[in-house]
$ cat target_32.cif   # mmCIF, N, CA and C atoms
data_work
#
loop_
_atom_site.label_atom_id
_atom_site.label_comp_id
_atom_site.auth_asym_id
_atom_site.auth_seq_id
_atom_site.Cartn_x
_atom_site.Cartn_y
_atom_site.Cartn_z
N PHE A 1 0.85 -1.17 0.00
CA PHE A 1 0.00 0.00 0.00
C PHE A 1 0.89 1.23 0.00
N ASN A 2 0.72 2.10 -0.95
CA ASN A 2 1.48 3.34 -1.03
C ASN A 2 0.50 4.51 -1.15
N LEU A 3 0.71 5.52 -0.36
CA LEU A 3 -0.07 6.75 -0.46
C LEU A 3 0.91 7.90 -0.47
N PHE A 4 0.86 8.73 -1.49
CA PHE A 4 1.77 9.87 -1.61
C PHE A 4 0.96 11.13 -1.88
N ALA A 5 1.37 12.21 -1.25
CA ALA A 5 0.81 13.52 -1.54
C ALA A 5 1.98 14.48 -1.65
N LEU A 6 2.09 15.13 -2.78
CA LEU A 6 3.20 16.06 -2.97
C LEU A 6 3.05 17.31 -2.13
N GLY A 7 1.82 17.69 -1.81
CA GLY A 7 1.64 18.87 -0.98
C GLY A 7 0.18 19.18 -0.72
N ALA A 8 -0.03 19.91 0.37
CA ALA A 8 -1.36 20.39 0.73
C ALA A 8 -1.18 21.66 1.55
N THR A 9 -2.12 22.58 1.39
CA THR A 9 -2.09 23.82 2.17
C THR A 9 -3.44 24.00 2.83
N PHE A 10 -3.41 24.34 4.11
CA PHE A 10 -4.62 24.59 4.88
C PHE A 10 -4.56 26.03 5.36
N SER A 11 -5.68 26.73 5.25
CA SER A 11 -5.73 28.15 5.65
C SER A 11 -6.77 28.34 6.73
N LEU A 12 -6.49 29.29 7.62
CA LEU A 12 -7.40 29.66 8.68
C LEU A 12 -7.84 31.10 8.44
N ALA A 13 -9.15 31.32 8.43
CA ALA A 13 -9.69 32.66 8.17
C ALA A 13 -10.51 33.13 9.38
N ASP A 14 -10.60 34.44 9.53
CA ASP A 14 -11.41 34.98 10.62
C ASP A 14 -12.79 35.38 10.10
N ASP A 15 -13.52 36.19 10.87
CA ASP A 15 -14.90 36.53 10.53
C ASP A 15 -15.04 37.58 9.44
N PHE A 16 -13.97 38.27 9.06
CA PHE A 16 -14.09 39.40 8.13
C PHE A 16 -14.48 39.00 6.71
N PRO A 17 -14.20 38.06 6.02
CA PRO A 17 -13.19 37.02 6.18
C PRO A 17 -11.87 37.46 5.57
N ARG A 18 -10.82 37.13 6.27
CA ARG A 18 -9.47 37.33 5.77
C ARG A 18 -8.61 36.17 6.29
N GLU A 19 -7.64 35.81 5.51
CA GLU A 19 -6.76 34.71 5.88
C GLU A 19 -5.80 35.18 6.96
N ILE A 20 -5.70 34.44 8.05
CA ILE A 20 -4.80 34.85 9.13
C ILE A 20 -3.63 33.89 9.31
N MET A 21 -3.78 32.63 8.85
CA MET A 21 -2.70 31.66 9.00
C MET A 21 -2.78 30.64 7.88
N SER A 22 -1.62 30.16 7.47
CA SER A 22 -1.54 29.15 6.43
C SER A 22 -0.55 28.07 6.87
N MET A 23 -0.94 26.81 6.69
CA MET A 23 -0.05 25.70 7.01
C MET A 23 0.16 24.87 5.74
N THR A 24 1.42 24.65 5.39
CA THR A 24 1.76 23.90 4.19
C THR A 24 2.47 22.61 4.59
N LEU A 25 2.01 21.51 4.04
CA LEU A 25 2.62 20.19 4.25
C LEU A 25 3.12 19.71 2.90
N ARG A 26 4.35 19.19 2.85
CA ARG A 26 4.90 18.71 1.58
C ARG A 26 5.52 17.33 1.74
N HIS A 27 5.39 16.55 0.70
CA HIS A 27 5.96 15.21 0.59
C HIS A 27 5.51 14.31 1.73
N PHE A 28 4.21 14.03 1.78
CA PHE A 28 3.65 13.09 2.74
C PHE A 28 3.62 11.71 2.10
N SER A 29 4.05 10.69 2.83
CA SER A 29 3.97 9.33 2.30
C SER A 29 3.60 8.35 3.40
N LEU A 30 2.82 7.37 3.03
CA LEU A 30 2.44 6.26 3.88
C LEU A 30 2.75 5.01 3.08
N TYR A 31 3.54 4.12 3.65
CA TYR A 31 4.05 2.99 2.89
C TYR A 31 3.95 1.71 3.70
N LYS A 32 3.36 0.67 3.09
CA LYS A 32 3.30 -0.65 3.70
C LYS A 32 3.21 -1.70 2.60
N ARG A 33 4.15 -2.62 2.61
CA ARG A 33 4.11 -3.72 1.65
C ARG A 33 3.13 -4.77 2.15
N LYS A 34 2.50 -5.43 1.21
CA LYS A 34 1.47 -6.41 1.54
C LYS A 34 2.03 -7.57 2.37
N GLU A 35 3.21 -8.03 2.03
CA GLU A 35 3.78 -9.19 2.70
C GLU A 35 4.56 -8.84 3.97
N GLU A 36 4.67 -7.56 4.31
CA GLU A 36 5.44 -7.15 5.49
C GLU A 36 4.53 -6.64 6.59
N THR A 37 5.06 -6.59 7.80
CA THR A 37 4.28 -6.09 8.94
C THR A 37 4.78 -4.73 9.42
N GLU A 38 5.53 -4.04 8.59
CA GLU A 38 6.04 -2.72 8.96
C GLU A 38 5.37 -1.64 8.12
N THR A 39 4.97 -0.57 8.79
CA THR A 39 4.35 0.58 8.14
C THR A 39 5.20 1.80 8.42
N THR A 40 5.40 2.63 7.40
CA THR A 40 6.19 3.85 7.56
C THR A 40 5.37 5.06 7.13
N ILE A 41 5.38 6.08 7.96
CA ILE A 41 4.71 7.36 7.66
C ILE A 41 5.80 8.42 7.67
N ARG A 42 5.79 9.28 6.66
CA ARG A 42 6.84 10.28 6.55
C ARG A 42 6.24 11.60 6.06
N LEU A 43 6.66 12.69 6.69
CA LEU A 43 6.31 14.04 6.26
C LEU A 43 7.62 14.80 6.16
N ARG A 44 7.96 15.23 4.97
CA ARG A 44 9.28 15.83 4.75
C ARG A 44 9.33 17.32 5.12
N HIS A 45 8.22 18.04 5.05
CA HIS A 45 8.29 19.48 5.34
C HIS A 45 6.95 19.99 5.85
N ILE A 46 7.03 20.89 6.81
CA ILE A 46 5.86 21.60 7.31
C ILE A 46 6.25 23.06 7.49
N GLN A 47 5.32 23.95 7.19
CA GLN A 47 5.58 25.38 7.40
C GLN A 47 4.26 26.05 7.77
N VAL A 48 4.31 26.87 8.80
CA VAL A 48 3.15 27.66 9.23
C VAL A 48 3.51 29.11 9.04
N ASP A 49 2.64 29.84 8.32
CA ASP A 49 2.89 31.25 7.99
C ASP A 49 1.82 32.14 8.58
N SER A 50 2.23 33.30 9.07
CA SER A 50 1.30 34.35 9.46
C SER A 50 0.94 35.13 8.20
N MET A 51 -0.32 35.33 7.96
CA MET A 51 -0.75 36.00 6.73
C MET A 51 -1.05 37.48 6.95
N PHE A 52 -0.74 38.00 8.12
CA PHE A 52 -0.92 39.43 8.37
C PHE A 52 0.14 40.22 7.62
N ALA A 53 -0.25 41.31 6.98
CA ALA A 53 0.70 42.14 6.23
C ALA A 53 1.74 42.77 7.16
N SER A 54 1.37 43.02 8.40
CA SER A 54 2.29 43.67 9.35
C SER A 54 3.07 42.66 10.20
N ALA A 55 3.08 41.41 9.84
CA ALA A 55 3.73 40.37 10.65
C ALA A 55 5.24 40.62 10.73
N GLN A 56 5.74 40.63 11.96
CA GLN A 56 7.18 40.77 12.14
C GLN A 56 7.90 39.48 11.76
N TYR A 57 7.23 38.34 12.00
CA TYR A 57 7.75 37.02 11.64
C TYR A 57 6.75 36.34 10.72
N PRO A 58 6.87 36.50 9.42
CA PRO A 58 5.89 35.89 8.52
C PRO A 58 5.93 34.36 8.54
N VAL A 59 7.11 33.77 8.77
CA VAL A 59 7.21 32.32 8.91
C VAL A 59 7.21 32.01 10.40
N VAL A 60 6.11 31.43 10.88
CA VAL A 60 5.95 31.17 12.30
C VAL A 60 6.66 29.88 12.71
N LEU A 61 6.54 28.84 11.89
CA LEU A 61 7.10 27.54 12.23
C LEU A 61 7.67 26.87 11.00
N GLU A 62 8.89 26.36 11.11
CA GLU A 62 9.51 25.62 10.02
C GLU A 62 10.59 24.71 10.59
N PRO A 63 10.85 23.57 9.94
CA PRO A 63 11.93 22.70 10.43
C PRO A 63 13.29 23.27 10.10
N LEU A 64 14.25 23.00 10.94
CA LEU A 64 15.63 23.40 10.64
C LEU A 64 16.17 22.50 9.54
N PRO A 65 16.96 23.04 8.62
CA PRO A 65 17.49 22.21 7.53
C PRO A 65 18.50 21.19 8.06
N LEU A 66 18.28 19.93 7.72
CA LEU A 66 19.16 18.86 8.17
C LEU A 66 19.91 18.21 7.02
N GLY A 67 19.78 18.75 5.82
CA GLY A 67 20.48 18.18 4.68
C GLY A 67 19.61 17.27 3.85
N VAL A 68 20.26 16.50 3.00
CA VAL A 68 19.59 15.64 2.03
C VAL A 68 19.50 14.22 2.58
N ASP A 69 18.36 13.60 2.38
CA ASP A 69 18.14 12.22 2.81
C ASP A 69 18.73 11.27 1.78
N ARG A 70 19.82 10.62 2.11
CA ARG A 70 20.49 9.73 1.17
C ARG A 70 20.18 8.26 1.44
N ARG A 71 19.25 7.99 2.36
CA ARG A 71 18.87 6.61 2.63
C ARG A 71 18.06 6.05 1.46
N GLU A 72 18.08 4.75 1.32
CA GLU A 72 17.22 4.12 0.32
C GLU A 72 15.82 4.08 0.91
N THR A 73 14.90 4.77 0.26
CA THR A 73 13.53 4.83 0.74
C THR A 73 12.60 4.55 -0.41
N ASN A 74 11.32 4.56 -0.12
CA ASN A 74 10.31 4.36 -1.15
C ASN A 74 9.94 5.67 -1.83
N ASP A 75 10.71 6.75 -1.60
CA ASP A 75 10.40 8.04 -2.20
C ASP A 75 10.72 8.09 -3.69
N ASP A 76 11.28 7.01 -4.23
CA ASP A 76 11.47 6.99 -5.68
C ASP A 76 10.12 7.14 -6.39
N ASP A 77 9.05 6.70 -5.72
CA ASP A 77 7.71 6.86 -6.30
C ASP A 77 7.34 8.33 -6.41
N VAL A 78 7.85 9.16 -5.50
CA VAL A 78 7.61 10.60 -5.57
C VAL A 78 8.25 11.16 -6.83
N ARG A 79 9.45 10.67 -7.13
CA ARG A 79 10.12 11.11 -8.36
C ARG A 79 9.28 10.75 -9.59
N HIS A 80 8.64 9.57 -9.56
CA HIS A 80 7.78 9.17 -10.68
C HIS A 80 6.56 10.09 -10.80
N LEU A 81 6.01 10.51 -9.65
CA LEU A 81 4.88 11.45 -9.69
C LEU A 81 5.31 12.79 -10.29
N ILE A 82 6.49 13.25 -9.90
CA ILE A 82 7.00 14.51 -10.45
C ILE A 82 7.21 14.37 -11.95
N ALA A 83 7.78 13.25 -12.36
CA ALA A 83 8.01 13.01 -13.79
C ALA A 83 6.69 12.96 -14.55
N LYS A 84 5.68 12.32 -13.94
CA LYS A 84 4.36 12.24 -14.59
C LYS A 84 3.75 13.63 -14.74
N TYR A 85 3.91 14.48 -13.71
CA TYR A 85 3.38 15.84 -13.77
C TYR A 85 4.01 16.60 -14.93
N TYR A 86 5.33 16.53 -15.05
CA TYR A 86 6.01 17.27 -16.11
C TYR A 86 5.78 16.65 -17.48
N SER A 87 5.39 15.38 -17.53
CA SER A 87 5.11 14.77 -18.83
C SER A 87 3.84 15.34 -19.44
N THR A 88 2.98 15.96 -18.62
CA THR A 88 1.77 16.58 -19.16
C THR A 88 2.11 17.80 -20.02
N PHE A 89 3.32 18.32 -19.89
CA PHE A 89 3.75 19.45 -20.70
C PHE A 89 4.41 18.99 -22.00
N GLU A 90 4.35 17.68 -22.26
CA GLU A 90 4.89 17.08 -23.47
C GLU A 90 6.39 17.39 -23.63
N LEU A 91 7.13 17.22 -22.56
CA LEU A 91 8.57 17.40 -22.59
C LEU A 91 9.22 16.02 -22.74
N SER A 92 10.28 15.97 -23.47
CA SER A 92 10.99 14.70 -23.64
C SER A 92 11.81 14.42 -22.39
N PRO A 93 12.18 13.14 -22.16
CA PRO A 93 13.03 12.83 -21.00
C PRO A 93 14.36 13.59 -21.01
N ASP A 94 14.88 13.92 -22.20
CA ASP A 94 16.12 14.68 -22.27
C ASP A 94 15.94 16.09 -21.72
N GLU A 95 14.73 16.64 -21.89
CA GLU A 95 14.47 17.99 -21.38
C GLU A 95 14.22 18.00 -19.88
N CYS A 96 13.96 16.82 -19.29
CA CYS A 96 13.69 16.71 -17.84
C CYS A 96 14.77 15.88 -17.15
N PHE A 97 16.01 16.02 -17.57
CA PHE A 97 17.09 15.22 -17.01
C PHE A 97 17.23 15.39 -15.51
N TRP A 98 16.84 16.52 -14.98
CA TRP A 98 17.01 16.83 -13.56
C TRP A 98 16.08 16.01 -12.68
N ILE A 99 15.02 15.41 -13.25
CA ILE A 99 14.07 14.63 -12.45
C ILE A 99 14.76 13.43 -11.81
N THR A 100 15.71 12.82 -12.49
CA THR A 100 16.39 11.65 -11.94
C THR A 100 17.28 12.02 -10.76
N SER A 101 17.62 13.29 -10.61
CA SER A 101 18.48 13.69 -9.51
C SER A 101 17.74 14.54 -8.48
N VAL A 102 16.42 14.41 -8.42
CA VAL A 102 15.66 15.14 -7.42
C VAL A 102 16.06 14.63 -6.04
N GLU A 103 16.51 15.53 -5.19
CA GLU A 103 16.94 15.14 -3.85
C GLU A 103 15.89 15.58 -2.84
N CYS A 104 15.58 14.71 -1.93
CA CYS A 104 14.58 14.99 -0.91
C CYS A 104 15.26 15.39 0.39
N PRO A 105 14.71 16.36 1.10
CA PRO A 105 15.30 16.74 2.38
C PRO A 105 15.01 15.67 3.44
N MET A 106 15.77 15.70 4.51
CA MET A 106 15.49 14.81 5.63
C MET A 106 14.08 15.08 6.13
N PRO A 107 13.36 14.07 6.54
CA PRO A 107 11.96 14.28 6.95
C PRO A 107 11.85 15.10 8.24
N PHE A 108 10.79 15.88 8.29
CA PHE A 108 10.44 16.60 9.51
C PHE A 108 9.89 15.61 10.54
N PHE A 109 9.08 14.67 10.06
CA PHE A 109 8.45 13.66 10.93
C PHE A 109 8.51 12.32 10.23
N GLU A 110 8.91 11.30 10.97
CA GLU A 110 8.91 9.94 10.42
C GLU A 110 8.57 8.97 11.54
N ALA A 111 7.68 8.05 11.24
CA ALA A 111 7.31 7.02 12.21
C ALA A 111 7.27 5.69 11.49
N SER A 112 7.84 4.68 12.10
CA SER A 112 7.75 3.33 11.56
C SER A 112 7.25 2.42 12.66
N LEU A 113 6.37 1.53 12.29
CA LEU A 113 5.70 0.66 13.23
C LEU A 113 5.69 -0.74 12.66
N SER A 114 6.12 -1.71 13.45
CA SER A 114 5.96 -3.10 13.03
C SER A 114 5.02 -3.76 14.03
N TYR A 115 4.24 -4.68 13.55
CA TYR A 115 3.25 -5.32 14.40
C TYR A 115 3.15 -6.80 14.05
N LEU A 116 2.71 -7.56 15.02
CA LEU A 116 2.49 -8.99 14.84
C LEU A 116 1.07 -9.31 15.31
N PRO A 117 0.17 -9.57 14.38
CA PRO A 117 -1.20 -9.90 14.78
C PRO A 117 -1.24 -11.21 15.57
N GLN A 118 -1.92 -11.21 16.69
CA GLN A 118 -2.12 -12.40 17.51
C GLN A 118 -3.62 -12.70 17.52
N GLU A 119 -3.99 -13.77 18.18
CA GLU A 119 -5.39 -14.19 18.17
C GLU A 119 -6.32 -13.16 18.84
N HIS A 120 -5.93 -12.65 20.01
CA HIS A 120 -6.79 -11.73 20.74
C HIS A 120 -6.17 -10.35 20.94
N MET A 121 -5.06 -10.08 20.24
CA MET A 121 -4.40 -8.79 20.41
C MET A 121 -3.44 -8.56 19.24
N THR A 122 -2.91 -7.37 19.18
CA THR A 122 -1.87 -7.04 18.21
C THR A 122 -0.63 -6.64 18.99
N TRP A 123 0.46 -7.34 18.77
CA TRP A 123 1.71 -7.08 19.47
C TRP A 123 2.53 -6.13 18.63
N ILE A 124 3.04 -5.04 19.23
CA ILE A 124 3.85 -4.05 18.53
C ILE A 124 5.28 -4.14 19.07
N PRO A 125 6.14 -4.91 18.40
CA PRO A 125 7.51 -5.05 18.90
C PRO A 125 8.40 -3.84 18.62
N SER A 126 8.00 -3.00 17.67
CA SER A 126 8.87 -1.89 17.30
C SER A 126 8.04 -0.67 16.91
N LEU A 127 8.36 0.45 17.53
CA LEU A 127 7.75 1.74 17.19
C LEU A 127 8.84 2.79 17.27
N ASN A 128 9.17 3.40 16.14
CA ASN A 128 10.20 4.44 16.07
C ASN A 128 9.57 5.73 15.59
N ILE A 129 9.80 6.81 16.31
CA ILE A 129 9.27 8.12 15.93
C ILE A 129 10.44 9.10 15.92
N TYR A 130 10.59 9.81 14.81
CA TYR A 130 11.64 10.81 14.66
C TYR A 130 10.98 12.15 14.36
N LEU A 131 11.43 13.18 15.04
CA LEU A 131 10.92 14.53 14.84
C LEU A 131 12.12 15.45 14.76
N SER A 132 12.23 16.20 13.67
CA SER A 132 13.39 17.07 13.50
C SER A 132 13.21 18.36 14.33
N PRO A 133 14.30 19.05 14.60
CA PRO A 133 14.20 20.32 15.33
C PRO A 133 13.42 21.35 14.52
N LEU A 134 12.69 22.21 15.22
CA LEU A 134 11.87 23.23 14.58
C LEU A 134 12.33 24.62 14.99
N LYS A 135 12.11 25.56 14.09
CA LYS A 135 12.34 26.98 14.41
C LYS A 135 10.96 27.61 14.51
N CYS A 136 10.68 28.24 15.65
CA CYS A 136 9.37 28.83 15.89
C CYS A 136 9.54 30.29 16.31
N LYS A 137 8.84 31.19 15.61
CA LYS A 137 8.86 32.61 15.94
C LYS A 137 7.41 33.09 16.00
N VAL A 138 6.99 33.52 17.18
CA VAL A 138 5.60 33.92 17.36
C VAL A 138 5.58 35.31 17.99
N GLU A 139 4.78 36.19 17.42
CA GLU A 139 4.57 37.53 18.00
C GLU A 139 3.53 37.43 19.11
N LEU A 140 3.69 38.18 20.15
CA LEU A 140 2.74 38.19 21.25
C LEU A 140 1.37 38.64 20.76
N SER A 141 1.31 39.63 19.88
CA SER A 141 0.02 40.12 19.37
C SER A 141 -0.71 39.06 18.54
N TYR A 142 0.02 38.10 17.99
CA TYR A 142 -0.58 37.03 17.21
C TYR A 142 -1.36 36.09 18.12
N LEU A 143 -0.88 35.90 19.35
CA LEU A 143 -1.54 35.01 20.29
C LEU A 143 -2.73 35.65 20.98
N LEU A 144 -2.74 36.97 21.09
CA LEU A 144 -3.81 37.66 21.81
C LEU A 144 -4.97 37.97 20.97
#

$ encode --input "target_32.cif" --output "structure tokens"
Amino acid sequence: FNLFALGATFSLADDFPREIMSMTLRHFSLYKRKEETETTIRLRHIQVDSMFASAQYPVVLEPLPLGVDRRETNDDDVRHLIAKYYSTFELSPDECFWITSVECPMPFFEASLSYLPQEHMTWIPSLNIYLSPLKCKVELSYLL
């Protein structure tokens, strides 16, 4: 089972209506092979923005850069999605040579879970959760 989303943005609006906050999620993946008992969830980037024109800190929350993820992962499917998107522009593979070298950043959040189904319960021998460091800047007036 593979589920990939290249990105999603959620916005919060007030009563006027005007947008006051935006949250962007990029490179979400959920991966589980049929014959295996391990499931992996990964979110490579999150960003929360203040949408006020007078915001002293327009980027409220973002992960600190940790470099490029060079592990062998199932994100090769993400590269195929990107290639499929650009193929709609009728570009030849020679014109999209850079797609094969798309590098993904280290994930902001990653969780892997293995389980062993039993007769009356599910045993979870392994649960790993990784969360990268975040940079957060919040104005006091934003909270009030």

$ residues_near_point --input "target_32.cif" --point "(14.9, 20.4, 16.2)" --cutoff "7 Å" --atoms "only C-alpha atoms" --output "MDAnalysis selection string"
chainID A and resid 63:64 132:134

$ write_last_selection --input "target_32.cif" --atoms "N, CA and C atoms" --output "mmCIF file, in the coordinates of the input"
data_model
loop_
_atom_site.group_PDB
_atom_site.id
_atom_site.type_symbol
_atom_site.label_atom_id
_atom_site.label_comp_id
_atom_site.auth_asym_id
_atom_site.auth_seq_id
_atom_site.Cartn_x
_atom_site.Cartn_y
_atom_site.Cartn_z
ATOM 1 N N PRO A 63 10.850 23.570 9.940
ATOM 2 C CA PRO A 63 11.930 22.700 10.430
ATOM 3 C C PRO A 63 13.290 23.270 10.100
ATOM 4 N N LEU A 64 14.250 23.000 10.940
ATOM 5 C CA LEU A 64 15.630 23.400 10.640
ATOM 6 C C LEU A 64 16.170 22.500 9.540
ATOM 7 N N SER A 132 12.230 16.200 13.670
ATOM 8 C CA SER A 132 13.390 17.070 13.500
ATOM 9 C C SER A 132 13.210 18.360 14.330
ATOM 10 N N PRO A 133 14.300 19.050 14.600
ATOM 11 C CA PRO A 133 14.200 20.320 15.330
ATOM 12 C C PRO A 133 13.420 21.350 14.520
ATOM 13 N N LEU A 134 12.690 22.210 15.220
ATOM 14 C CA LEU A 134 11.870 23.230 14.580
ATOM 15 C C LEU A 134 12.330 24.620 14.990
#

$ resolve_selection --input "target_32.cif" --expression "the PyMOL selection byres ((chain A and resi 48) around 6)" --output "mmCIF file with N, CA and C atoms, keeping the file's coordinate frame"
data_model
loop_
_atom_site.group_PDB
_atom_site.id
_atom_site.type_symbol
_atom_site.label_atom_id
_atom_site.label_comp_id
_atom_site.auth_asym_id
_atom_site.auth_seq_id
_atom_site.Cartn_x
_atom_site.Cartn_y
_atom_site.Cartn_z
ATOM 1 N N SER A 22 -1.620 30.160 7.470
ATOM 2 C CA SER A 22 -1.540 29.150 6.430
ATOM 3 C C SER A 22 -0.550 28.070 6.870
ATOM 4 N N MET A 23 -0.940 26.810 6.690
ATOM 5 C CA MET A 23 -0.050 25.700 7.010
ATOM 6 C C MET A 23 0.160 24.870 5.740
ATOM 7 N N THR A 24 1.420 24.650 5.390
ATOM 8 C CA THR A 24 1.760 23.900 4.190
ATOM 9 C C THR A 24 2.470 22.610 4.590
ATOM 10 N N ILE A 46 7.030 20.890 6.810
ATOM 11 C CA ILE A 46 5.860 21.600 7.310
ATOM 12 C C ILE A 46 6.250 23.060 7.490
ATOM 13 N N GLN A 47 5.320 23.950 7.190
ATOM 14 C CA GLN A 47 5.580 25.380 7.400
ATOM 15 C C GLN A 47 4.260 26.050 7.770
ATOM 16 N N ASP A 49 2.640 29.840 8.320
ATOM 17 C CA ASP A 49 2.890 31.250 7.990
ATOM 18 C C ASP A 49 1.820 32.140 8.580
ATOM 19 N N SER A 50 2.230 33.300 9.070
ATOM 20 C CA SER A 50 1.300 34.350 9.460
ATOM 21 C C SER A 50 0.940 35.130 8.200
ATOM 22 N N PRO A 58 6.870 36.500 9.420
ATOM 23 C CA PRO A 58 5.890 35.890 8.520
ATOM 24 C C PRO A 58 5.930 34.360 8.540
ATOM 25 N N VAL A 59 7.110 33.770 8.770
ATOM 26 C CA VAL A 59 7.210 32.320 8.910
ATOM 27 C C VAL A 59 7.210 32.010 10.400
ATOM 28 N N VAL A 60 6.110 31.430 10.880
ATOM 29 C CA VAL A 60 5.950 31.170 12.300
ATOM 30 C C VAL A 60 6.660 29.880 12.710
ATOM 31 N N LEU A 61 6.540 28.840 11.890
ATOM 32 C CA LEU A 61 7.100 27.540 12.230
ATOM 33 C C LEU A 61 7.670 26.870 11.000
ATOM 34 N N GLU A 62 8.890 26.360 11.110
ATOM 35 C CA GLU A 62 9.510 25.620 10.020
ATOM 36 C C GLU A 62 10.590 24.710 10.590
#

$ resolve_selection --input "target_32.cif" --expression "the PyMOL selection byres ((chain A and resi 41) around 6.5)" --output "ChimeraX atom specification"
/A:29-31,39-40,42-43,109-113

$ atom_distance --input "target_32.cif" --atom1 "CA of Arg26 (chain A)" --atom2 "CA of Ala8 (chain A)"
6.5 Å

$ atom_distance --input "target_32.cif" --atom1 "atom C of Asn2 (chain A)" --atom2 "CA of Pro117 (chain A)"
21.5 Å

$ closest_residue --input "target_32.cif" --among "A:Phe1, A:Trp123, A:Thr9, A:Phe16" --to "Glu35 (chain A)" --atoms "only C-alpha atoms"
A:Phe1

$ atom_distance --input "target_32.cif" --atom1 "CA of Met21 (chain A)" --atom2 "CA of Met51 (chain A)"
5.3 Å

$ residues_around --input "target_32.cif" --residues "Pro125 (chain A)" --least-positions-apart "4" --cutoff "8 Å" --atoms "all atoms listed in the file" --output "list in words"
Leu113, Ser114, Tyr115 and Leu116 of chain A

$ write_last_selection --input "target_32.cif" --atoms "N, CA and C atoms" --output "PDB file, keeping the file's coordinate frame"
ATOM      1  N   LEU A 113       6.370   1.530  12.290  1.00  0.00           N
ATOM      2  CA  LEU A 113       5.700   0.660  13.230  1.00  0.00           C
ATOM      3  C   LEU A 113       5.690  -0.740  12.660  1.00  0.00           C
ATOM      4  N   SER A 114       6.120  -1.710  13.450  1.00  0.00           N
ATOM      5  CA  SER A 114       5.960  -3.100  13.030  1.00  0.00           C
ATOM      6  C   SER A 114       5.020  -3.760  14.030  1.00  0.00           C
ATOM      7  N   TYR A 115       4.240  -4.680  13.550  1.00  0.00           N
ATOM      8  CA  TYR A 115       3.250  -5.320  14.400  1.00  0.00           C
ATOM      9  C   TYR A 115       3.150  -6.800  14.050  1.00  0.00           C
ATOM     10  N   LEU A 116       2.710  -7.560  15.020  1.00  0.00           N
ATOM     11  CA  LEU A 116       2.490  -8.990  14.840  1.00  0.00           C
ATOM     12  C   LEU A 116       1.070  -9.310  15.310  1.00  0.00           C
TER      13      LEU A 116
END

$ resolve_selection --input "target_32.cif" --expression "the PyMOL selection byres (((chain A and resi 67 and name CA) around 10) and name CA)" --output "PyMOL selection string"
chain A and resi 64-66+68-70+103-107
